[in-house]
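Structure, as structure tokens:
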There are 2 protein chains.
Amino acid sequence: MASADGGPATIETIARRAGVSIASVSRVLNGLGGRPDTVRKVQAAATELGYVPNAMARSLRGGRSGQIAFAMEDIGNPVYVAMVRRIQAVAKEAGYRLLLHSTGADREEELRALRSLADRHTEGLIISPIRITRDHLDELSRAVAPVVVIGSLPEGVRLDNVRVDSRVGAAMAVAHLVGIGRRRIGFLNGPLDTVPGQARYKGYLDGLATAGLGGEELVESGQFQTDSGAEAAKRLLARVPDLDGLFCANDLIAVGALRALREAGRRVPDDVAVVGMDDTELARVTWPTLTSVGLGSARRGELAAELLVDRLGEGRDREPRWVSVTPELVARESTRS
Amino acid sequence: MASADGGPATIETIARRAGVSIASVSRVLNGLGGRPDTVRKVQAAATELGYVPNAMARSLRGGRSGQIAFAMEDIGNPVYVAMVRRIQAVAKEAGYRLLLHSTGADREEELRALRSLADRHTEGLIISPIRITRDHLDELSRAVAPVVVIGSLPEGVRLDNVRVDSRVGAAMAVAHLVGIGRRRIGFLNGPLDTVPGQARYKGYLDGLATAGLGGEELVESGQFQTDSGAEAAKRLLARVPDLDGLFCANDLIAVGALRALREAGRRVPDDVAVVGMDDTELARVTWPTLTSVGLGSARRGELAAELLVDRLGEGRDREPRWVSVTPELVARESTRS
DNA sequence: GCGCGGGCTGTAAACGTTTCCAGAACGGCC
DNA sequence: GGCCGTTCTGGAAACGTTTACAGCCCGCGC
């Protein structure tokens, strides 16, 4: 139990009570040896006083805060939930606490996260930016502590990086739709000026070209969100009444599309087959359940966390490492033929 | 730009370059006056050196870490997403960072969160425990820094608290089902040994009693999760083939139930009308969209954060405050008559 | 011209640790 | 019993801030 005498116990309090020096207290509490009876006395005093080390003082001296951070766009997107879970697990395993920044894709917020590296609050950062500008990269490379990026980086950037080829993933989605006999395949995308928006758009074109369906782009863009997806779907249906396949740039958009299709009286998959992307928990929950291209979000989170933890320990000076994960299509009811 | 000379700039570096003492540097940087030319010199030096104050040193001296934490059961549950969003907003507004603990309802994990109060890492904690034992309360009341509980507390506990009467909410759900003519109303609950499990169960009974339908309990219990909800629904259907209304203790369970009902060939709402609870984003995404009893999760998060921030500032010594939010039923397709 | 008050300034202490260093205690060996 | 090597110990410095305190300089009023 904590003693009543002026604030929480410190090593000094313990030292006095045990009749030893603060240096000995510190050593015993950190398991660095000591004579058996010294150890006993110190431990007794510590538990009697309900001692808890002051993390701030420890960090100040040791230069380690024991915290890492993950900056993502939006905690509401289930794709990040999967990442956070695994990052959390790896971080905890390695003795780090996890700080979460939900940036809303706001540049200012991302900078706040970077700044907490500079103020020593946070020892390392995992960031998953959806827009990457030259500016961005400069900031990130100049950061005073290790940064791991989840998402594709331009060639030559010297940062640890976990990526997935979502262009290939998008092409897989189109190929799957073609494989079940669809020919008028639309694409609901997020903003084109984002990294994933670009990659998935290119993959969609790749897929059409491979199937010999090129030449006509049935594309609508919006945000990577449900409501926006529903609206985009409505616009596309109005433009292309004989649509029979639909690829959506993420599961949230797909969920919106399913709703819009239903409201327009189209049956899924009979009239229009739908494929989402990210393979989040949502895909198992909709009706019909949603075929989706998994981009290994849990795995990416895990890899990123491992890279970061490694760089904070052993791998302090190793070369930047680029790791990648391969997309995988999970077929469900929305494309049953 | 940071200077190359041995590590990041400190007030000492600045002091040397500006030709003043570290005390003056500190004062200028904190806006505590100084002669105009001193101020100018210090500010110039600080920006030239790209100075960022070391948060650990500052916390050590000032006793403030600028961090608060939120401990919840599972980041995957959308009900917490809503809370986190608002807590985040309030915290940021008041100049605090938010640390998230996903405890998995594990006692050990909750204790870890409490311990980070003791080690001064975190200045205050918002916790939403689903099980509350005497033990729990003792720990919480004994915490060395302010704690706000989201969830109902027994009488007499001296802790800030934000609550919602989910018993009344559950009764509302049943009343709504009765109102559209349902008579064989089932209930899919989470674990009975949790606070929400208890309250919702009682509310279900209240609802039946009010409608004169008491006497027969069509209840199945499981976890507060989708898959568990689907299984519970299956069991209930097997037992009660003529079920025509179903109240689920949260939206995740309801989503599972919708799936199970569909697989069993029951139409919603024609054969079985369904009501969920929490009114999460999921409710707008399912098909049919889900009628759900909202428990003001965003509002509860916001209130809790405000209580905590207040207690960390002005309200240091005020009496514990209990705030409550009223449930609200949002009717959607799953109970359209 | 002198004394006085007010603003600035610098020195130093404090926050609670960890760790370097020199010296003390101890055990074993001849 | 003396010497040596090992193990353990306590004093003190260091981490980077903030802040109490005392001294300085300045301008003002008499």
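To be explicit about the labels: the chains of the structure tokens are called A, B, and onward in the order shown, and within each one the residues are counted from 1, while ligands get numbers from 1 in the order they are shown.
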Inset, instruction - Output the contact residues of chain D with respect to chain B at a cut-off of 9 Å, based on only C-alpha atoms (C1' of nucleotides), as a VMD selection string. - result: chain D and resid 15 to 19
Using only C-alpha atoms, which residues of region 153-255 of chain B come within 10 Å of region 315-321 of chain B, and what is the closest atom pair for each, with the distance in Å to one decimal? Give it as CSV, sorted by chain and residue number.
```
residue,atom,partner,partner_atom,distance
B:Val157,CA,B:Pro320,CA,8.9
B:Arg158,CA,B:Pro320,CA,5.8
B:Leu159,CA,B:Pro320,CA,5.3
B:Asp160,CA,B:Pro320,CA,4.8
B:Asn161,CA,B:Arg321,CA,6.4
B:Val162,CA,B:Arg321,CA,8.5
```
Writer output for current selection, C-alpha atoms, as a CSV table (one decimal), in the first residue's frame:
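Dumped to part-v9.csv:
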```
chain,number,residue,atom,x,y,z
B,157,VAL,CA,-19.2,4.2,-5.8
B,158,ARG,CA,-17.3,7.5,-5.7
B,159,LEU,CA,-16.2,7.6,-9.4
B,160,ASP,CA,-17.2,9.8,-12.3
B,161,ASN,CA,-19.6,7.8,-14.4
B,162,VAL,CA,-21.5,8.0,-17.7
```
Inset, instruction - List every residue of region 88-334 of chain A that DSSP, applied to the backbone of this structure, assigns to helix (DSSP H, G or I), and report them as a PyMOL selection string. - result: chain A and resi 88-93+107-118+134-142+166-179+195-210+226-239+251-263+281-284+297-312+333-334
Legend entry - Nearby residues (only C-alpha atoms (C1' of nucleotides)) at most 9 Å from region 121-125 of chain B, same-chain spacing under 6 positions excluded, as a PyMOL selection string: (chain A and resi 54-56) or (chain B and resi 64-71+99+113-115+145-149+308-309+311-312)
Legend entry - Interface, chain C side, toward chain A (9 Å; only C-alpha atoms (C1' of nucleotides)) as a VMD selection string: chain C and resid 15 to 19
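Counting only C-alpha atoms, the residue from A:Ser128, A:Thr280, A:Ser221, A:Ser324 that sits nearest to chain B is A:Thr280.
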Inset, instruction - Would you mind telling me which residue in B:Leu177, B:Val240, B:Ala331, B:Ala249 lies nearest to Gln198 (chain B) when using only C-alpha atoms? - result: B:Ala249
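Taking CA of Ala238 (chain B) and CA of Gly222 (chain B) as the two end points, the separation is 16.0 Å.
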Inset, instruction - Would you mind writing down, as a PyMOL selection string, each residue of region 47-254 of chain B that DSSP on the backbone assigns to strand (DSSP E)? - result: chain B and resi 67-72+97-102+124-127+147-150+160-164+185-189+219-221+245-248
File of the preceding selection, N, CA and C atoms, as an mmCIF file, in the first residue's frame:
```
data_model
loop_
_atom_site.group_PDB
_atom_site.id
_atom_site.type_symbol
_atom_site.label_atom_id
_atom_site.label_comp_id
_atom_site.auth_asym_id
_atom_site.auth_seq_id
_atom_site.Cartn_x
_atom_site.Cartn_y
_atom_site.Cartn_z
ATOM 1 N N GLN B 67 -1.124 12.893 -21.627
ATOM 2 C CA GLN B 67 -1.767 11.734 -22.239
ATOM 3 C C GLN B 67 -2.918 11.240 -21.386
ATOM 4 N N ILE B 68 -4.008 10.864 -22.048
ATOM 5 C CA ILE B 68 -5.063 10.143 -21.346
ATOM 6 C C ILE B 68 -5.325 8.853 -22.110
ATOM 7 N N ALA B 69 -5.985 7.916 -21.469
ATOM 8 C CA ALA B 69 -6.170 6.623 -22.108
ATOM 9 C C ALA B 69 -7.633 6.206 -22.084
ATOM 10 N N PHE B 70 -7.990 5.390 -23.054
ATOM 11 C CA PHE B 70 -9.322 4.808 -23.092
ATOM 12 C C PHE B 70 -9.165 3.294 -23.176
ATOM 13 N N ALA B 71 -9.740 2.597 -22.220
ATOM 14 C CA ALA B 71 -9.669 1.141 -22.238
ATOM 15 C C ALA B 71 -11.032 0.572 -22.564
ATOM 16 N N MET B 72 -11.096 -0.186 -23.641
ATOM 17 C CA MET B 72 -12.377 -0.770 -24.049
ATOM 18 C C MET B 72 -12.176 -2.256 -24.258
ATOM 19 N N ARG B 97 -3.173 13.776 -25.681
ATOM 20 C CA ARG B 97 -3.104 12.678 -26.629
ATOM 21 C C ARG B 97 -3.917 11.535 -26.087
ATOM 22 N N LEU B 98 -4.398 10.687 -26.994
ATOM 23 C CA LEU B 98 -5.214 9.556 -26.550
ATOM 24 C C LEU B 98 -4.496 8.240 -26.783
ATOM 25 N N LEU B 99 -4.447 7.446 -25.740
ATOM 26 C CA LEU B 99 -3.847 6.118 -25.795
ATOM 27 C C LEU B 99 -4.982 5.110 -25.744
ATOM 28 N N LEU B 100 -4.954 4.111 -26.624
ATOM 29 C CA LEU B 100 -6.045 3.148 -26.652
ATOM 30 C C LEU B 100 -5.611 1.785 -26.145
ATOM 31 N N HIS B 101 -6.389 1.224 -25.236
ATOM 32 C CA HIS B 101 -6.129 -0.136 -24.785
ATOM 33 C C HIS B 101 -7.293 -1.016 -25.201
ATOM 34 N N SER B 102 -6.999 -2.039 -25.942
ATOM 35 C CA SER B 102 -8.039 -2.999 -26.292
ATOM 36 C C SER B 102 -7.837 -4.203 -25.389
ATOM 37 N N GLY B 124 -4.952 10.224 -16.884
ATOM 38 C CA GLY B 124 -6.313 9.868 -16.526
ATOM 39 C C GLY B 124 -6.806 8.768 -17.444
ATOM 40 N N LEU B 125 -7.863 8.092 -17.014
ATOM 41 C CA LEU B 125 -8.319 6.914 -17.756
ATOM 42 C C LEU B 125 -9.833 6.902 -17.895
ATOM 43 N N ILE B 126 -10.273 6.589 -19.107
ATOM 44 C CA ILE B 126 -11.691 6.306 -19.315
ATOM 45 C C ILE B 126 -11.785 4.814 -19.551
ATOM 46 N N ILE B 127 -12.648 4.160 -18.797
ATOM 47 C CA ILE B 127 -12.697 2.712 -18.936
ATOM 48 C C ILE B 127 -14.132 2.257 -19.086
ATOM 49 N N VAL B 147 -10.215 8.483 -12.844
ATOM 50 C CA VAL B 147 -10.781 7.445 -13.693
ATOM 51 C C VAL B 147 -12.245 7.781 -13.944
ATOM 52 N N VAL B 148 -12.681 7.673 -15.188
ATOM 53 C CA VAL B 148 -14.092 7.836 -15.509
ATOM 54 C C VAL B 148 -14.591 6.512 -16.062
ATOM 55 N N VAL B 149 -15.703 6.047 -15.535
ATOM 56 C CA VAL B 149 -16.238 4.770 -15.993
ATOM 57 C C VAL B 149 -17.411 4.993 -16.937
ATOM 58 N N ILE B 150 -17.386 4.330 -18.078
ATOM 59 C CA ILE B 150 -18.544 4.308 -18.954
ATOM 60 C C ILE B 150 -19.247 2.994 -18.704
ATOM 61 N N ASP B 160 -16.437 9.220 -11.198
ATOM 62 C CA ASP B 160 -17.167 9.834 -12.295
ATOM 63 C C ASP B 160 -17.690 8.725 -13.202
ATOM 64 N N ASN B 161 -18.874 8.937 -13.717
ATOM 65 C CA ASN B 161 -19.555 7.840 -14.375
ATOM 66 C C ASN B 161 -20.534 8.329 -15.438
ATOM 67 N N VAL B 162 -20.483 7.700 -16.610
ATOM 68 C CA VAL B 162 -21.452 7.996 -17.656
ATOM 69 C C VAL B 162 -22.221 6.727 -17.949
ATOM 70 N N ARG B 163 -23.526 6.825 -17.879
ATOM 71 C CA ARG B 163 -24.312 5.615 -17.989
ATOM 72 C C ARG B 163 -25.485 5.789 -18.927
ATOM 73 N N VAL B 164 -26.087 4.662 -19.270
ATOM 74 C CA VAL B 164 -27.291 4.699 -20.072
ATOM 75 C C VAL B 164 -28.134 3.563 -19.534
ATOM 76 N N ILE B 185 -41.637 -13.452 -28.977
ATOM 77 C CA ILE B 185 -40.453 -12.603 -29.093
ATOM 78 C C ILE B 185 -39.253 -13.195 -28.376
ATOM 79 N N GLY B 186 -38.241 -13.508 -29.144
ATOM 80 C CA GLY B 186 -37.030 -14.109 -28.581
ATOM 81 C C GLY B 186 -35.993 -13.063 -28.219
ATOM 82 N N PHE B 187 -34.976 -13.510 -27.506
ATOM 83 C CA PHE B 187 -33.909 -12.604 -27.075
ATOM 84 C C PHE B 187 -32.566 -13.326 -27.196
ATOM 85 N N LEU B 188 -31.662 -12.734 -27.961
ATOM 86 C CA LEU B 188 -30.311 -13.274 -28.042
ATOM 87 C C LEU B 188 -29.393 -12.387 -27.224
ATOM 88 N N ASN B 189 -28.866 -12.938 -26.156
ATOM 89 C CA ASN B 189 -28.095 -12.133 -25.214
ATOM 90 C C ASN B 189 -26.603 -12.452 -25.289
ATOM 91 N N VAL B 219 -34.964 -17.258 -24.612
ATOM 92 C CA VAL B 219 -33.658 -16.616 -24.541
ATOM 93 C C VAL B 219 -32.528 -17.576 -24.888
ATOM 94 N N GLU B 220 -31.549 -17.101 -25.639
ATOM 95 C CA GLU B 220 -30.291 -17.817 -25.819
ATOM 96 C C GLU B 220 -29.146 -16.856 -25.527
ATOM 97 N N SER B 221 -28.117 -17.355 -24.863
ATOM 98 C CA SER B 221 -26.977 -16.484 -24.561
ATOM 99 C C SER B 221 -25.720 -16.966 -25.258
ATOM 100 N N GLY B 245 -40.620 -12.465 -33.535
ATOM 101 C CA GLY B 245 -39.873 -11.241 -33.217
ATOM 102 C C GLY B 245 -38.585 -11.617 -32.515
ATOM 103 N N LEU B 246 -37.547 -10.818 -32.726
ATOM 104 C CA LEU B 246 -36.263 -11.166 -32.131
ATOM 105 C C LEU B 246 -35.528 -9.905 -31.710
ATOM 106 N N PHE B 247 -35.205 -9.851 -30.427
ATOM 107 C CA PHE B 247 -34.417 -8.730 -29.929
ATOM 108 C C PHE B 247 -33.005 -9.233 -29.649
ATOM 109 N N CYS B 248 -32.001 -8.495 -30.151
ATOM 110 C CA CYS B 248 -30.611 -8.919 -29.985
ATOM 111 C C CYS B 248 -29.883 -7.898 -29.120
#
```
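Distances here use only C-alpha atoms; by that measure, the residue among A:Leu140, A:Ile75, A:Ala254, A:Val20 closest to chain B is A:Ile75.
When the distance limit is 12 Å and only C-alpha atoms (C1' of nucleotides) are what count, the residues near DC21 (chain C), minus those fewer than 3 positions from it on the same chain, are DT9, DG10, DG11, DA12 and DA13 of chain D.
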Next, dump the selected residues to file, keeping only C-alpha atoms (C1' of nucleotides), as a tab-separated table (two decimals), in the first residue's frame.
```
chain	number	residue	atom	x	y	z
D	9	DT	C1'	28.12	-0.87	-2.45
D	10	DG	C1'	27.43	4.30	-2.08
D	11	DG	C1'	28.42	8.89	-3.93
D	12	DA	C1'	27.71	11.63	-7.64
D	13	DA	C1'	26.81	12.86	-12.30
```
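Coordinates place CA of Leu32 (chain B) at a distance of 16.8 Å from CA of Ile14 (chain B).
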Legend entry - For DG27 (chain C), the nearest of the candidates D:DG1, D:DT7, D:DA22, D:DG27, counting only C-alpha atoms (C1' of nucleotides): D:DT7
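Separating CA of Leu261 (chain B) from CA of Glu217 (chain B) is a distance of 19.4 Å.
With only C-alpha atoms as the atoms that count, the residue of B:Val255, B:Val84, B:Ala89, B:Ile130 with the shortest distance to Thr286 (chain A) is B:Val255.
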Inset, instruction - With a distance cut-off of 10 Å and only C-alpha atoms (C1' of nucleotides), select the neighbouring residues of Ala273 (chain B), excluding the residue or stretch itself and same-chain residues fewer than 6 positions from it, and output the selection as a ChimeraX atom specification. - result: /B:177,180-182,185,243-247,258,266-267,290-291,333-337
